[in-house]
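Undergrad: My structure is in final-v9.csv, and what it holds is CSV, C-alpha atoms:
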```
chain,number,residue,atom,x,y,z
A,197,MET,CA,20.7,-22.8,26.4
A,198,PRO,CA,22.5,-25.7,24.7
A,199,ALA,CA,25.3,-24.5,22.6
A,200,LYS,CA,24.7,-24.8,18.9
A,201,GLU,CA,27.3,-26.9,17.0
A,202,GLY,CA,30.5,-25.0,16.6
A,203,ILE,CA,29.5,-22.4,19.2
A,204,LYS,CA,31.8,-22.5,22.3
A,205,SER,CA,30.6,-19.6,24.3
A,206,GLU,CA,28.0,-16.9,24.6
A,207,CYS,CA,30.6,-14.6,23.0
A,208,ASP,CA,30.7,-16.8,19.9
A,209,ALA,CA,26.9,-16.9,19.8
A,210,LEU,CA,26.8,-13.1,19.9
A,211,VAL,CA,29.1,-12.8,16.9
A,212,LEU,CA,27.4,-15.5,14.9
A,213,MET,CA,23.7,-14.9,15.8
A,214,PRO,CA,23.1,-11.5,17.3
A,215,VAL,CA,19.4,-11.5,16.5
A,216,ARG,CA,18.9,-14.6,18.4
A,217,PHE,CA,21.1,-13.4,21.2
A,218,PHE,CA,19.4,-10.0,21.7
A,219,MET,CA,15.8,-11.1,21.1
A,220,GLU,CA,16.2,-14.0,23.5
A,221,GLN,CA,17.5,-11.7,26.1
A,222,ASN,CA,15.3,-8.7,25.6
A,223,MET,CA,11.9,-10.0,24.4
A,224,PRO,CA,11.8,-13.8,25.2
A,225,PRO,CA,8.0,-14.2,24.8
A,226,VAL,CA,8.1,-12.7,21.3
A,227,PHE,CA,11.3,-14.5,20.4
A,228,TYR,CA,10.1,-18.0,21.5
A,229,GLU,CA,6.8,-17.7,19.7
A,230,ILE,CA,8.1,-16.2,16.5
A,231,LYS,CA,11.0,-18.6,16.3
A,232,ASN,CA,8.6,-21.6,16.4
A,233,ALA,CA,5.9,-20.3,14.0
A,234,VAL,CA,5.9,-21.2,10.4
A,235,ILE,CA,5.3,-18.0,8.4
A,236,GLY,CA,4.6,-18.0,4.6
A,237,ILE,CA,5.4,-15.0,2.4
A,238,ALA,CA,3.6,-15.1,-1.0
A,239,GLY,CA,5.4,-12.6,-3.3
A,240,LEU,CA,8.7,-10.9,-2.6
A,241,GLY,CA,8.2,-7.4,-4.0
A,242,GLY,CA,7.6,-4.1,-2.2
A,243,LEU,CA,5.6,-5.8,0.5
A,244,GLY,CA,7.2,-9.3,0.7
A,245,SER,CA,10.8,-8.3,0.7
A,246,ASN,CA,10.2,-5.9,3.5
A,247,VAL,CA,8.0,-8.3,5.5
A,248,ALA,CA,10.8,-10.9,5.2
A,249,VAL,CA,13.5,-8.5,6.6
A,250,ALA,CA,11.2,-7.5,9.5
A,251,LEU,CA,10.6,-11.1,10.4
A,252,ALA,CA,14.3,-12.0,10.2
A,253,ARG,CA,15.1,-9.2,12.6
A,254,LEU,CA,12.4,-10.4,14.9
A,255,GLY,CA,14.0,-13.8,15.1
A,256,ALA,CA,11.6,-15.8,12.9
A,257,GLY,CA,12.7,-19.4,12.7
A,258,LYS,CA,10.8,-20.9,9.8
A,259,LEU,CA,9.8,-19.1,6.6
A,260,ILE,CA,8.3,-20.4,3.4
A,261,ILE,CA,8.9,-17.9,0.6
A,262,ALA,CA,7.5,-18.0,-2.9
A,263,ASP,CA,8.1,-15.7,-6.0
A,264,PHE,CA,8.7,-16.5,-9.7
A,265,ASP,CA,10.4,-13.2,-10.5
A,266,ILE,CA,13.9,-11.8,-10.8
A,267,VAL,CA,15.3,-8.6,-9.2
A,268,GLU,CA,15.1,-5.6,-11.7
A,269,GLU,CA,16.6,-2.1,-11.5
A,270,GLY,CA,13.3,-0.5,-10.9
A,271,ASN,CA,12.6,-2.7,-7.8
A,272,LEU,CA,15.4,-0.9,-6.0
A,273,THR,CA,13.1,2.1,-5.3
A,274,ARG,CA,11.2,0.2,-2.7
A,275,GLN,CA,12.2,-3.5,-2.4
A,276,GLN,CA,14.9,-4.9,-0.1
A,277,TYR,CA,17.4,-5.8,-2.8
A,278,PHE,CA,20.8,-4.4,-3.9
A,279,LEU,CA,22.3,-3.3,-7.2
A,280,ASP,CA,24.5,-6.4,-7.4
A,281,GLN,CA,21.4,-8.6,-7.1
A,282,VAL,CA,19.8,-7.3,-10.3
A,283,GLY,CA,19.0,-10.2,-12.6
A,284,ARG,CA,18.9,-12.9,-9.8
A,285,PRO,CA,15.8,-14.7,-8.6
A,286,LYS,CA,14.1,-12.8,-5.8
A,287,VAL,CA,13.9,-16.0,-3.7
A,288,THR,CA,17.7,-16.4,-4.0
A,289,ALA,CA,18.4,-12.8,-3.2
A,290,THR,CA,16.0,-12.9,-0.2
A,291,VAL,CA,17.7,-16.0,1.3
A,292,GLU,CA,21.1,-14.2,0.9
A,293,ASN,CA,19.8,-11.0,2.5
A,294,LEU,CA,18.1,-12.7,5.4
A,295,GLY,CA,21.1,-14.8,6.1
A,296,ARG,CA,23.2,-11.7,6.5
A,297,ILE,CA,20.8,-10.5,9.2
A,298,ASN,CA,20.0,-13.7,10.9
A,299,PRO,CA,21.5,-17.0,9.8
A,300,ASP,CA,19.3,-18.9,12.3
A,301,ILE,CA,16.3,-19.2,9.9
A,302,ASP,CA,15.1,-22.3,8.1
A,303,ILE,CA,13.9,-20.9,4.8
A,304,LYS,CA,12.0,-23.0,2.3
A,305,THR,CA,12.1,-21.4,-1.2
A,306,HIS,CA,9.7,-21.8,-4.1
A,307,ARG,CA,10.5,-20.1,-7.4
A,308,VAL,CA,7.1,-20.6,-8.9
A,309,ARG,CA,4.0,-18.8,-10.0
A,310,LEU,CA,1.5,-19.5,-7.2
A,311,THR,CA,-1.9,-21.0,-8.3
A,312,PRO,CA,-4.9,-22.4,-6.6
A,313,GLU,CA,-3.5,-25.8,-7.3
A,314,ASN,CA,0.0,-25.4,-5.8
A,315,ILE,CA,-0.8,-22.9,-2.9
A,316,PRO,CA,-2.2,-25.5,-0.5
A,317,GLN,CA,0.8,-27.8,-0.9
A,318,ILE,CA,3.5,-25.0,-0.8
A,319,PHE,CA,2.1,-23.4,2.3
A,320,ALA,CA,0.8,-26.7,4.0
A,321,GLU,CA,3.0,-26.1,7.1
A,322,ALA,CA,2.3,-22.4,7.4
A,323,ASP,CA,0.6,-21.0,10.5
A,324,VAL,CA,0.1,-17.6,8.9
A,325,ILE,CA,0.6,-16.3,5.4
A,326,ALA,CA,1.5,-12.8,4.3
A,327,GLU,CA,-0.2,-12.0,0.9
A,328,CYS,CA,2.4,-9.7,-0.8
A,329,PHE,CA,1.2,-9.6,-4.4
A,330,ASP,CA,0.8,-6.6,-6.6
A,331,LEU,CA,-2.1,-7.4,-8.9
A,332,PRO,CA,-5.7,-7.4,-7.4
A,333,ASP,CA,-6.9,-10.6,-9.2
A,334,GLN,CA,-3.8,-12.4,-7.8
A,335,LYS,CA,-4.5,-11.1,-4.3
A,336,GLN,CA,-8.1,-12.3,-4.6
A,337,MET,CA,-6.9,-15.7,-5.9
A,338,LEU,CA,-4.5,-16.2,-3.0
A,339,VAL,CA,-6.9,-15.1,-0.3
A,340,GLU,CA,-9.8,-17.2,-1.7
A,341,THR,CA,-7.6,-20.2,-2.1
A,342,VAL,CA,-6.3,-20.0,1.5
A,343,LEU,CA,-9.7,-19.5,2.9
A,344,THR,CA,-11.5,-22.2,0.9
A,345,ARG,CA,-8.9,-24.9,0.2
A,346,MET,CA,-6.9,-24.7,3.4
A,347,GLN,CA,-8.2,-25.3,7.0
A,348,ARG,CA,-5.7,-23.7,9.2
A,349,PRO,CA,-3.5,-20.8,8.2
A,350,LEU,CA,-4.4,-17.2,8.9
A,351,ILE,CA,-3.8,-14.7,6.1
A,352,VAL,CA,-2.6,-11.1,6.4
A,353,SER,CA,-3.5,-9.4,3.1
A,354,VAL,CA,-3.0,-5.9,1.7
A,355,SER,CA,-5.2,-3.5,-0.4
A,356,GLY,CA,-4.5,0.2,-1.0
A,357,VAL,CA,-0.9,1.2,-0.5
A,358,ALA,CA,0.0,3.2,-3.5
A,359,GLY,CA,1.3,6.8,-3.5
A,360,TYR,CA,2.9,8.7,-0.7
A,361,GLY,CA,1.8,10.5,2.4
A,362,ASN,CA,-1.5,9.9,4.1
A,363,SER,CA,0.2,7.4,6.5
A,364,ASN,CA,-2.7,7.2,8.9
A,365,ALA,CA,-5.1,6.0,6.3
A,366,ILE,CA,-3.3,2.6,6.3
A,367,LYS,CA,-5.0,0.4,8.9
A,368,THR,CA,-4.9,-3.2,10.0
A,369,THR,CA,-8.5,-4.6,10.2
A,370,ARG,CA,-9.7,-8.0,11.2
A,371,ILE,CA,-12.2,-9.0,8.5
A,372,SER,CA,-13.0,-12.5,9.8
A,373,LYS,CA,-11.5,-15.2,11.9
A,374,ARG,CA,-8.8,-16.1,9.4
A,375,LEU,CA,-8.5,-12.9,7.3
A,376,ILE,CA,-6.7,-9.7,8.4
A,377,LEU,CA,-6.5,-6.8,5.9
A,378,VAL,CA,-3.9,-4.0,5.8
A,379,GLY,CA,-4.2,-0.8,3.7
A,380,ASP,CA,-6.5,2.1,3.0
A,381,GLY,CA,-8.6,-0.1,0.6
A,382,ILE,CA,-8.7,2.8,-2.0
A,383,THR,CA,-5.4,4.0,-3.3
A,384,VAL,CA,-4.7,2.3,-6.6
A,385,ALA,CA,-1.3,1.9,-8.1
A,386,ARG,CA,-1.4,3.4,-11.7
A,387,PRO,CA,0.7,5.8,-13.8
A,388,GLY,CA,0.9,9.0,-11.7
A,389,THR,CA,0.2,7.1,-8.4
A,390,ARG,CA,3.1,4.7,-8.2
A,391,LEU,CA,4.4,2.7,-5.3
A,392,THR,CA,6.8,4.4,-2.9
A,393,ALA,CA,9.3,2.9,-0.5
A,394,SER,CA,7.8,5.0,2.3
A,395,ARG,CA,4.2,4.0,1.9
A,396,VAL,CA,4.5,0.4,0.8
A,397,GLY,CA,7.0,0.0,3.6
A,398,ILE,CA,4.4,1.2,6.1
A,399,ALA,CA,2.0,-1.5,4.9
A,400,ALA,CA,4.7,-4.2,5.0
A,401,TYR,CA,5.5,-3.4,8.6
A,402,HIS,CA,1.8,-3.4,9.4
A,403,GLN,CA,1.7,-6.9,8.0
A,404,ALA,CA,4.8,-8.0,10.0
A,405,ASN,CA,3.4,-6.4,13.1
A,406,ALA,CA,0.0,-8.1,12.6
A,407,ILE,CA,1.8,-11.4,12.2
A,408,VAL,CA,3.7,-11.0,15.4
A,409,GLU,CA,0.5,-10.2,17.2
A,410,LEU,CA,-1.3,-13.3,15.7
A,411,VAL,CA,1.6,-15.6,16.5
A,412,ILE,CA,1.8,-14.4,20.1
A,413,ASN,CA,-1.9,-14.1,20.9
A,414,GLU,CA,-3.5,-16.8,18.8
A,415,LEU,CA,-1.1,-19.5,17.7
A,416,HIS,CA,0.9,-19.7,20.9
A,417,LYS,CA,2.7,-22.9,20.2
A,418,VAL,CA,5.3,-22.9,23.0
A,419,GLU,CA,4.8,-22.6,26.7
A,420,ILE,CA,8.0,-21.1,28.1
A,421,GLY,CA,9.6,-23.8,30.2
A,422,GLY,CA,6.9,-26.3,29.0
A,423,PRO,CA,7.4,-29.6,27.2
A,424,ASN,CA,7.7,-28.1,23.7
A,425,ASP,CA,10.2,-25.3,24.7
A,426,THR,CA,13.5,-26.3,23.2
A,427,ASN,CA,15.1,-23.1,24.3
A,428,THR,CA,15.8,-23.8,28.0
B,271,MET,CA,-41.8,-1.8,2.9
B,272,THR,CA,-38.0,-2.1,2.4
B,273,GLN,CA,-35.6,-5.0,2.6
B,274,THR,CA,-32.2,-4.8,4.1
B,275,LEU,CA,-28.7,-6.2,3.5
B,276,LYS,CA,-25.8,-5.5,5.9
B,277,ILE,CA,-22.8,-4.8,3.7
B,278,ASN,CA,-19.4,-4.4,5.5
B,279,GLY,CA,-21.2,-3.6,8.7
B,280,ARG,CA,-23.6,-1.0,7.2
B,281,GLU,CA,-27.3,-1.5,6.5
B,282,LYS,CA,-28.3,-0.9,3.0
B,283,GLN,CA,-32.1,-0.6,2.2
B,284,PHE,CA,-33.7,-1.8,-1.0
B,285,PRO,CA,-37.3,-1.2,-2.1
B,286,GLU,CA,-39.2,-4.5,-1.8
B,287,GLY,CA,-38.6,-6.7,-4.8
B,288,GLN,CA,-35.5,-4.8,-5.8
B,289,ILE,CA,-33.0,-6.6,-3.6
B,290,PRO,CA,-30.3,-8.3,-5.7
B,291,GLN,CA,-31.1,-12.0,-6.2
B,292,THR,CA,-27.5,-13.2,-6.4
B,293,LEU,CA,-24.0,-12.1,-5.2
B,294,SER,CA,-23.1,-11.3,-8.9
B,295,GLU,CA,-26.1,-9.0,-9.2
B,296,LEU,CA,-25.1,-7.2,-6.0
B,297,LEU,CA,-21.5,-6.7,-7.2
B,298,HIS,CA,-22.8,-5.4,-10.5
B,299,GLN,CA,-25.1,-2.9,-8.8
B,300,LEU,CA,-22.2,-1.7,-6.7
B,301,ASN,CA,-20.0,-1.5,-9.8
B,302,LEU,CA,-17.4,-3.9,-8.4
B,303,ASP,CA,-15.1,-6.1,-10.6
B,304,GLN,CA,-15.7,-9.6,-9.4
B,305,ALA,CA,-12.1,-10.7,-10.1
B,306,THR,CA,-11.0,-8.4,-7.3
B,307,ILE,CA,-13.5,-9.4,-4.6
B,308,VAL,CA,-13.4,-11.8,-1.8
B,309,ALA,CA,-16.9,-12.3,-0.4
B,310,GLU,CA,-18.3,-13.7,2.8
B,311,ILE,CA,-22.0,-14.2,3.5
B,312,ASN,CA,-23.0,-14.6,7.1
B,313,GLY,CA,-19.4,-15.5,7.9
B,314,GLN,CA,-19.1,-18.1,5.2
B,315,ILE,CA,-16.6,-17.5,2.4
B,316,VAL,CA,-18.1,-17.8,-1.1
B,317,GLU,CA,-15.8,-18.8,-4.0
B,318,ARG,CA,-15.7,-16.4,-6.9
B,319,ALA,CA,-16.8,-19.2,-9.3
B,320,SER,CA,-20.0,-19.4,-7.4
B,321,PHE,CA,-20.9,-15.7,-7.2
B,322,ALA,CA,-23.5,-16.0,-10.0
B,323,GLU,CA,-25.5,-18.8,-8.4
B,324,THR,CA,-25.1,-17.6,-4.8
B,325,LYS,CA,-28.5,-16.4,-3.7
B,326,ILE,CA,-28.9,-13.5,-1.3
B,327,ALA,CA,-31.6,-13.5,1.3
B,328,PRO,CA,-32.9,-10.3,2.8
B,329,GLY,CA,-31.2,-9.6,6.1
B,330,ALA,CA,-28.0,-11.3,5.0
B,331,SER,CA,-24.7,-9.9,6.4
B,332,ILE,CA,-22.2,-9.6,3.6
B,333,GLU,CA,-18.5,-8.8,3.8
B,334,LEU,CA,-16.9,-7.6,0.6
B,335,VAL,CA,-13.1,-7.2,0.5
B,336,ARG,CA,-12.0,-5.3,-2.6
B,337,PHE,CA,-8.4,-5.6,-3.7
B,338,VAL,CA,-6.8,-2.8,-5.6
B,339,PRO,CA,-3.4,-2.9,-7.4
B,340,GLY,CA,-0.2,-2.2,-5.5
B,341,GLY,CA,2.3,-4.2,-3.5
```
Would you encode the structure as structure tokens?
TA:
Amino acid sequence: MPAKEGIKSECDALVLMPVRFFMEQNMPPVFYEIKNAVIGIAGLGGLGSNVAVALARLGAGKLIIADFDIVEEGNLTRQQYFLDQVGRPKVTATVENLGRINPDIDIKTHRVRLTPENIPQIFAEADVIAECFDLPDQKQMLVETVLTRMQRPLIVSVSGVAGYGNSNAIKTTRISKRLILVGDGITVARPGTRLTASRVGIAAYHQANAIVELVINELHKVEIGGPNDTNT
Amino acid sequence: MTQTLKINGREKQFPEGQIPQTLSELLHQLNLDQATIVAEINGQIVERASFAETKIAPGASIELVRFVPGG
């Protein structure tokens, strides 16, 4: 592979970009596809912050992340942030955290509240979008907007992840051509049944895993060794 | 004589004349909050703003995705 600027040897590459190095060596089909896909993450809470970390470790190359919120102490029970990040925008903290895992990602950040008006423009380049909101009417709004106002992106959405235990009730289901749904569809977050790192994490990793599967099986942008393969 | 709707893959029977006329009526009968529902009829997505005027024909295949809080 051509050496990236400033990288003189494989050894340097290993130090600077271990995710790229190991994914490329060990799972080239996954790495090449995920590196070239554009993946949107709408919301960077319990779901989104975990989806982002999983995608960074998989070698994702292009992310579009959107969230209007800041990191709060209570988020640390389940979201991928750290004490010293409390008070900072989640988009900023996410960029920082992903860069510490895999600096080889092009991340476009949007610190905004997503609306039917701005979603099509913010996620225009996305091949697939992870719906990672908390409130049901916001989930509805995002899914409806993507399915009615956008032609292309697939959406992996979540409903029913609150509480703990009952791991196997969380399923990934293909609802229609462009809509994939993760969750048990039932368990509502409310006082007494709050969100836990363990269960919301399962859902987030279902989402990330569904995204990998869609990118490999359905988007398939790069033929290894073909004209669009910039990796050989 | 009954009429049928296929809702999330399952057939639901209605006595003739009692089948809901619109998507809004169906959601009301099922006690579902419209603000949390994404609906497809025969594979076509229906915008929430159109639920009240979207007619339902007997035999229609309806997919309802209900979102609950949490994430």
Undergrad: Once you count all atoms listed in the file, which residues of chain B turn out to be within 9 Å of chain A? Could you give them as a list of chain:residue names?
TA: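 Listed by rising number, the hits are B:Gln304, B:Ala305, B:Thr306, B:Ile307, B:Val308, B:Ala309, B:Glu310, B:Gly313, B:Ile315, B:Val316, B:Glu317, B:Arg318, B:Glu333, B:Val335, B:Arg336, B:Phe337, B:Val338, B:Pro339, B:Gly340, B:Gly341.
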Undergrad: At what distance in Å, to one decimal, does CA of Ile261 (chain A) lie from CA of Thr273 (chain A)?
TA: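 A separation of 21.3 Å between them.
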Undergrad: Work out how far apart CA of Val282 (chain A) and CA of Glu268 (chain A) are and give it in Å to one decimal.
TA: 5.2 Å
Undergrad: Mind pulling up the distance from CA of Asn232 (chain A) to CA of Leu338 (chain A)?
TA: 24.0 Å
Undergrad: Would you mind telling me which residue in B:Phe321, B:Arg280, B:Thr274, B:Pro285 lies nearest to Asp303 (chain B) when using all atoms listed in the file?
TA: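 Closest to Asp303 (chain B) of all the choices is B:Phe321.
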Undergrad: Give me, as a list in words, all polymer residues having an atom no more than 7 Å from Ile277 (chain B), counting only C-alpha atoms and skipping those fewer than 4 positions away in the same chain.
TA: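 With the cut-off at 7 Å, the set is Glu281, Lys282, Ser331, Ile332 and Glu333 of chain B.
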Undergrad: For a quick check of understanding, using all atoms listed in the file, which of A:Leu251, A:Met346, A:Ile230, A:Ile297 has the smallest distance to Leu410 (chain A)?
TA: A:Ile230
Undergrad: Can you tell me which residues surround Pro349 (chain A) at a distance of at most 8 Å, considering all atoms listed in the file, apart from same-chain residues fewer than 2 positions away, and format the answer as a list in words?
TA: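 Counting only the stated atoms, we get Ala322, Asp323, Val324, Ile325, Val342, Met346, Gln347, Ile351 and Arg374 of chain A.
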Undergrad: Extract, using only C-alpha atoms, all DNA, RNA and protein residues at most 8 Å from Asp263 (chain A), discarding same-chain residues fewer than 5 positions from it, and format them as a VMD selection string.
TA: chain A and resid 238 to 240 286 to 287 306 to 310
Undergrad: List every protein, DNA or RNA residue that has an atom no more than 12 Å from (10.8, -20.9, 4.9) in the file's coordinate frame, counting all atoms listed in the file, and report them as a PyMOL selection string.
TA: chain A and resi 231-238+248+251-252+256-262+287+290-291+294+300-306+318-325
Undergrad: Calculated over only C-alpha atoms, which of the candidates B:Glu286, B:Thr292, B:Gly279, B:His298 has the smallest distance to Ser320 (chain B)?
TA: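 Closest to Ser320 (chain B) of all the choices is B:Thr292.
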Undergrad: For the point (6.8, -12.1, 19.1) in file coordinates, what residues are within 10 Å, counting only C-alpha atoms? Give the answer as a list of chain:residue names?
TA: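 Checking each residue against the 10 Å limit leaves A:Met219, A:Met223, A:Pro224, A:Pro225, A:Val226, A:Phe227, A:Tyr228, A:Glu229, A:Ile230, A:Lys231, A:Ala233, A:Leu251, A:Leu254, A:Gly255, A:Ala256, A:Asn405, A:Ile407, A:Val408, A:Glu409, A:Leu410, A:Val411, A:Ile412, A:Asn413, A:His416.
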